[in-house]
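Everything below concerns the one structure shown next.
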Amino acid sequence: PGATIIPYCGAMEDELVDLDGPGTEAKLKELEVTSALPKMINTAFKMVNLALFYTAGPDEVRAWIIRRGYKAPQAAGVIHTDFERGFICAEVMAFDELKEKGSESAMKAAGRYRQEGKTYEVQDGDVIFFKFNVTTAGKK
């Protein structure tokens with residue numbers, strides 16, 4: 001009772017995996033269907049209480065998997081334990097809004113780029129820049 005059922009065609013999904021991006025889109029358009037794979041992945045993530053957040057730099061964007069309910073320092077610790085230990089704040093923006101606005105500067109101009117503290121619960125799809133400072137222990 002209450003289980004999620006996602007109808008799909010295994011043979012078609014298998015065919016789509018072997019195609020490149022444009023080939024996949026063309027095949028889906030030709031058959032007038034959509035792939036069930038994104039829905040299956042999202043449903044599986046929700047069932048086991050996982051979420052994604054993103055970090056972005058000048059040459060790389062990376063997705064990180066965390067448990068739902070993680071606070072910002074815990075999420076930072078997934079990247080590196082020093083990030084959690086020296087956590088200062090998280091600069092956060094929502095991916096969907098970033099995609100809509102097009103850039104970090106547009107998000108800042110719209111007032112949608114914000115700083116969050118240690119009690120912030122990371123949301124699925126957050127794009128985060130962590131500020132941290134780790135001081136080394138003095139020699140004894």
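Ordered as shown in the structure tokens, chains take letters A, B, and onward, while each chain numbers its residues from 1 and ligands are numbered from 1 in the order shown.
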(request) Would you mind writing down, as JSON, numbers by chain, each residue of chain A that DSSP on the backbone assigns to helix (DSSP H, G or I)? (result) {"A": [10, 11, 12, 13, 14, 15, 16, 17, 21, 22, 23, 24, 25, 26, 27, 28, 29, 30, 31, 37, 38, 39, 40, 41, 42, 43, 44, 45, 46, 47, 72, 73, 74, 75, 76, 77, 78, 79, 81, 82, 83, 84, 85, 95, 96, 97, 98, 99, 100, 101, 104, 105, 106, 107, 108, 109]}
Quick one: residues within 9 Å of A:Asn49, only C-alpha atoms, excluding same-chain residues fewer than 6 positions away - as an mmCIF file with N, CA, C and O atoms, in the first residue's frame?
data_model
loop_
_atom_site.group_PDB
_atom_site.id
_atom_site.type_symbol
_atom_site.label_atom_id
_atom_site.label_comp_id
_atom_site.auth_asym_id
_atom_site.auth_seq_id
_atom_site.Cartn_x
_atom_site.Cartn_y
_atom_site.Cartn_z
ATOM 1 N N ILE A 66 23.462 14.148 -0.495
ATOM 2 C CA ILE A 66 23.364 14.203 0.970
ATOM 3 C C ILE A 66 22.027 13.610 1.407
ATOM 4 O O ILE A 66 21.132 13.415 0.586
ATOM 5 N N ARG A 67 21.894 13.362 2.677
ATOM 6 C CA ARG A 67 20.609 12.954 3.253
ATOM 7 C C ARG A 67 19.752 14.205 3.424
ATOM 8 O O ARG A 67 20.257 15.275 3.770
ATOM 9 N N ARG A 68 18.465 14.074 3.181
ATOM 10 C CA ARG A 68 17.547 15.191 3.440
ATOM 11 C C ARG A 68 17.654 15.556 4.914
ATOM 12 O O ARG A 68 17.809 14.691 5.768
ATOM 13 N N GLY A 69 17.573 16.830 5.199
ATOM 14 C CA GLY A 69 17.637 17.280 6.583
ATOM 15 C C GLY A 69 19.028 17.692 7.029
ATOM 16 O O GLY A 69 19.190 18.199 8.131
#
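Computed from the coordinates, the atom CA of A:Cys9 to atom CA of A:Thr24 distance equals 14.9 Å.
Note that atom CA of A:Thr55 and atom CA of A:Phe129 are 6.2 Å apart.
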(request) Could you pull out the residues in chain A that DSSP calls strand (DSSP E) from the backbone, as number ranges by chain? (result) A: 50-56, 61-67, 87-94, 114-116, 126-132
May I have the selected residues written with N, CA, C and O atoms, as a short mmCIF file (atom, residue, chain, number, x, y, z; two decimals), in the first residue's frame?
data_model
loop_
_atom_site.label_atom_id
_atom_site.label_comp_id
_atom_site.auth_asym_id
_atom_site.auth_seq_id
_atom_site.Cartn_x
_atom_site.Cartn_y
_atom_site.Cartn_z
N LEU A 50 17.25 11.15 -0.02
CA LEU A 50 18.47 11.78 -0.50
C LEU A 50 18.13 13.08 -1.22
O LEU A 50 17.01 13.27 -1.69
N ALA A 51 19.10 13.96 -1.28
CA ALA A 51 18.95 15.24 -1.98
C ALA A 51 20.28 15.57 -2.65
O ALA A 51 21.32 15.04 -2.29
N LEU A 52 20.23 16.47 -3.62
CA LEU A 52 21.43 16.94 -4.30
C LEU A 52 21.65 18.41 -4.00
O LEU A 52 20.69 19.18 -3.91
N PHE A 53 22.90 18.80 -3.85
CA PHE A 53 23.23 20.21 -3.88
C PHE A 53 24.42 20.35 -4.80
O PHE A 53 25.11 19.36 -5.11
N TYR A 54 24.65 21.55 -5.29
CA TYR A 54 25.70 21.78 -6.28
C TYR A 54 26.72 22.78 -5.78
O TYR A 54 26.38 23.69 -5.02
N THR A 55 27.95 22.59 -6.21
CA THR A 55 28.99 23.59 -6.02
C THR A 55 29.48 23.95 -7.43
O THR A 55 29.47 23.11 -8.33
N ALA A 56 29.88 25.20 -7.60
CA ALA A 56 30.31 25.64 -8.92
C ALA A 56 31.52 26.55 -8.80
O ALA A 56 31.58 27.40 -7.92
N VAL A 61 31.44 22.31 -12.30
CA VAL A 61 30.20 22.26 -11.52
C VAL A 61 30.08 20.82 -11.03
O VAL A 61 30.29 19.89 -11.79
N ARG A 62 29.75 20.67 -9.76
CA ARG A 62 29.71 19.32 -9.19
C ARG A 62 28.44 19.15 -8.37
O ARG A 62 28.01 20.06 -7.66
N ALA A 63 27.84 17.97 -8.48
CA ALA A 63 26.66 17.62 -7.68
C ALA A 63 27.12 16.74 -6.52
O ALA A 63 27.95 15.86 -6.69
N TRP A 64 26.55 17.00 -5.34
CA TRP A 64 26.88 16.24 -4.14
C TRP A 64 25.61 15.63 -3.59
O TRP A 64 24.57 16.29 -3.53
N ILE A 65 25.67 14.39 -3.17
CA ILE A 65 24.52 13.69 -2.62
C ILE A 65 24.57 13.73 -1.10
O ILE A 65 25.61 13.42 -0.51
N ILE A 66 23.46 14.15 -0.50
CA ILE A 66 23.36 14.20 0.97
C ILE A 66 22.03 13.61 1.41
O ILE A 66 21.13 13.41 0.59
N ARG A 67 21.89 13.36 2.68
CA ARG A 67 20.61 12.95 3.25
C ARG A 67 19.75 14.20 3.42
O ARG A 67 20.26 15.27 3.77
N PHE A 87 33.45 25.75 9.25
CA PHE A 87 32.29 26.38 8.60
C PHE A 87 32.05 27.79 9.13
O PHE A 87 32.00 28.02 10.33
N ILE A 88 31.90 28.74 8.21
CA ILE A 88 31.54 30.12 8.56
C ILE A 88 30.11 30.39 8.10
O ILE A 88 29.26 30.76 8.90
N CYS A 89 29.87 30.23 6.81
CA CYS A 89 28.52 30.42 6.27
C CYS A 89 28.42 29.77 4.90
O CYS A 89 29.43 29.37 4.31
N ALA A 90 27.20 29.68 4.41
CA ALA A 90 26.94 29.14 3.08
C ALA A 90 26.25 30.23 2.26
O ALA A 90 25.27 30.81 2.71
N GLU A 91 26.79 30.50 1.09
CA GLU A 91 26.14 31.43 0.17
C GLU A 91 25.31 30.56 -0.77
O GLU A 91 25.84 29.70 -1.47
N VAL A 92 23.99 30.80 -0.76
CA VAL A 92 23.05 29.86 -1.37
C VAL A 92 22.17 30.53 -2.42
O VAL A 92 21.74 31.68 -2.25
N MET A 93 21.90 29.79 -3.48
CA MET A 93 20.87 30.18 -4.45
C MET A 93 20.23 28.89 -4.98
O MET A 93 20.87 27.84 -5.01
N ALA A 94 18.98 28.96 -5.35
CA ALA A 94 18.25 27.80 -5.84
C ALA A 94 18.57 27.58 -7.31
O ALA A 94 18.57 28.52 -8.11
N ARG A 114 21.76 34.48 -1.17
CA ARG A 114 21.70 34.79 0.26
C ARG A 114 22.75 34.03 1.06
O ARG A 114 23.25 33.01 0.61
N GLN A 115 23.05 34.56 2.23
CA GLN A 115 23.98 33.89 3.15
C GLN A 115 23.16 33.18 4.22
O GLN A 115 22.22 33.74 4.76
N GLU A 116 23.54 31.94 4.50
CA GLU A 116 22.86 31.14 5.51
C GLU A 116 23.88 30.66 6.53
O GLU A 116 25.05 30.46 6.21
N ASP A 126 19.93 23.18 -4.20
CA ASP A 126 20.66 24.40 -3.83
C ASP A 126 22.02 24.44 -4.53
O ASP A 126 22.66 23.40 -4.71
N VAL A 127 22.42 25.63 -4.92
CA VAL A 127 23.78 25.86 -5.41
C VAL A 127 24.47 26.62 -4.29
O VAL A 127 24.00 27.69 -3.88
N ILE A 128 25.58 26.06 -3.77
CA ILE A 128 26.17 26.60 -2.55
C ILE A 128 27.65 26.89 -2.72
O ILE A 128 28.39 26.10 -3.31
N PHE A 129 28.06 28.04 -2.18
CA PHE A 129 29.48 28.36 -2.03
C PHE A 129 29.71 28.43 -0.52
O PHE A 129 29.10 29.24 0.17
N PHE A 130 30.57 27.54 -0.02
CA PHE A 130 30.84 27.48 1.41
C PHE A 130 32.02 28.38 1.76
O PHE A 130 33.05 28.34 1.10
N LYS A 131 31.85 29.15 2.82
CA LYS A 131 32.96 29.92 3.38
C LYS A 131 33.39 29.20 4.64
O LYS A 131 32.55 28.83 5.47
N PHE A 132 34.69 28.99 4.76
CA PHE A 132 35.21 28.28 5.93
C PHE A 132 36.61 28.77 6.24
O PHE A 132 37.29 29.36 5.40
#
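Reported to one decimal place, the separation of atom CA of A:Gly111 from atom CA of A:Arg85 is 28.8 Å.
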(request) Write out as a PyMOL selection string the residues lying within 10 Å of stretch 11-23 of chain A, counting only C-alpha atoms and excluding same-chain residues fewer than 2 positions away. (result) chain A and resi 8-9+25-29+34-37
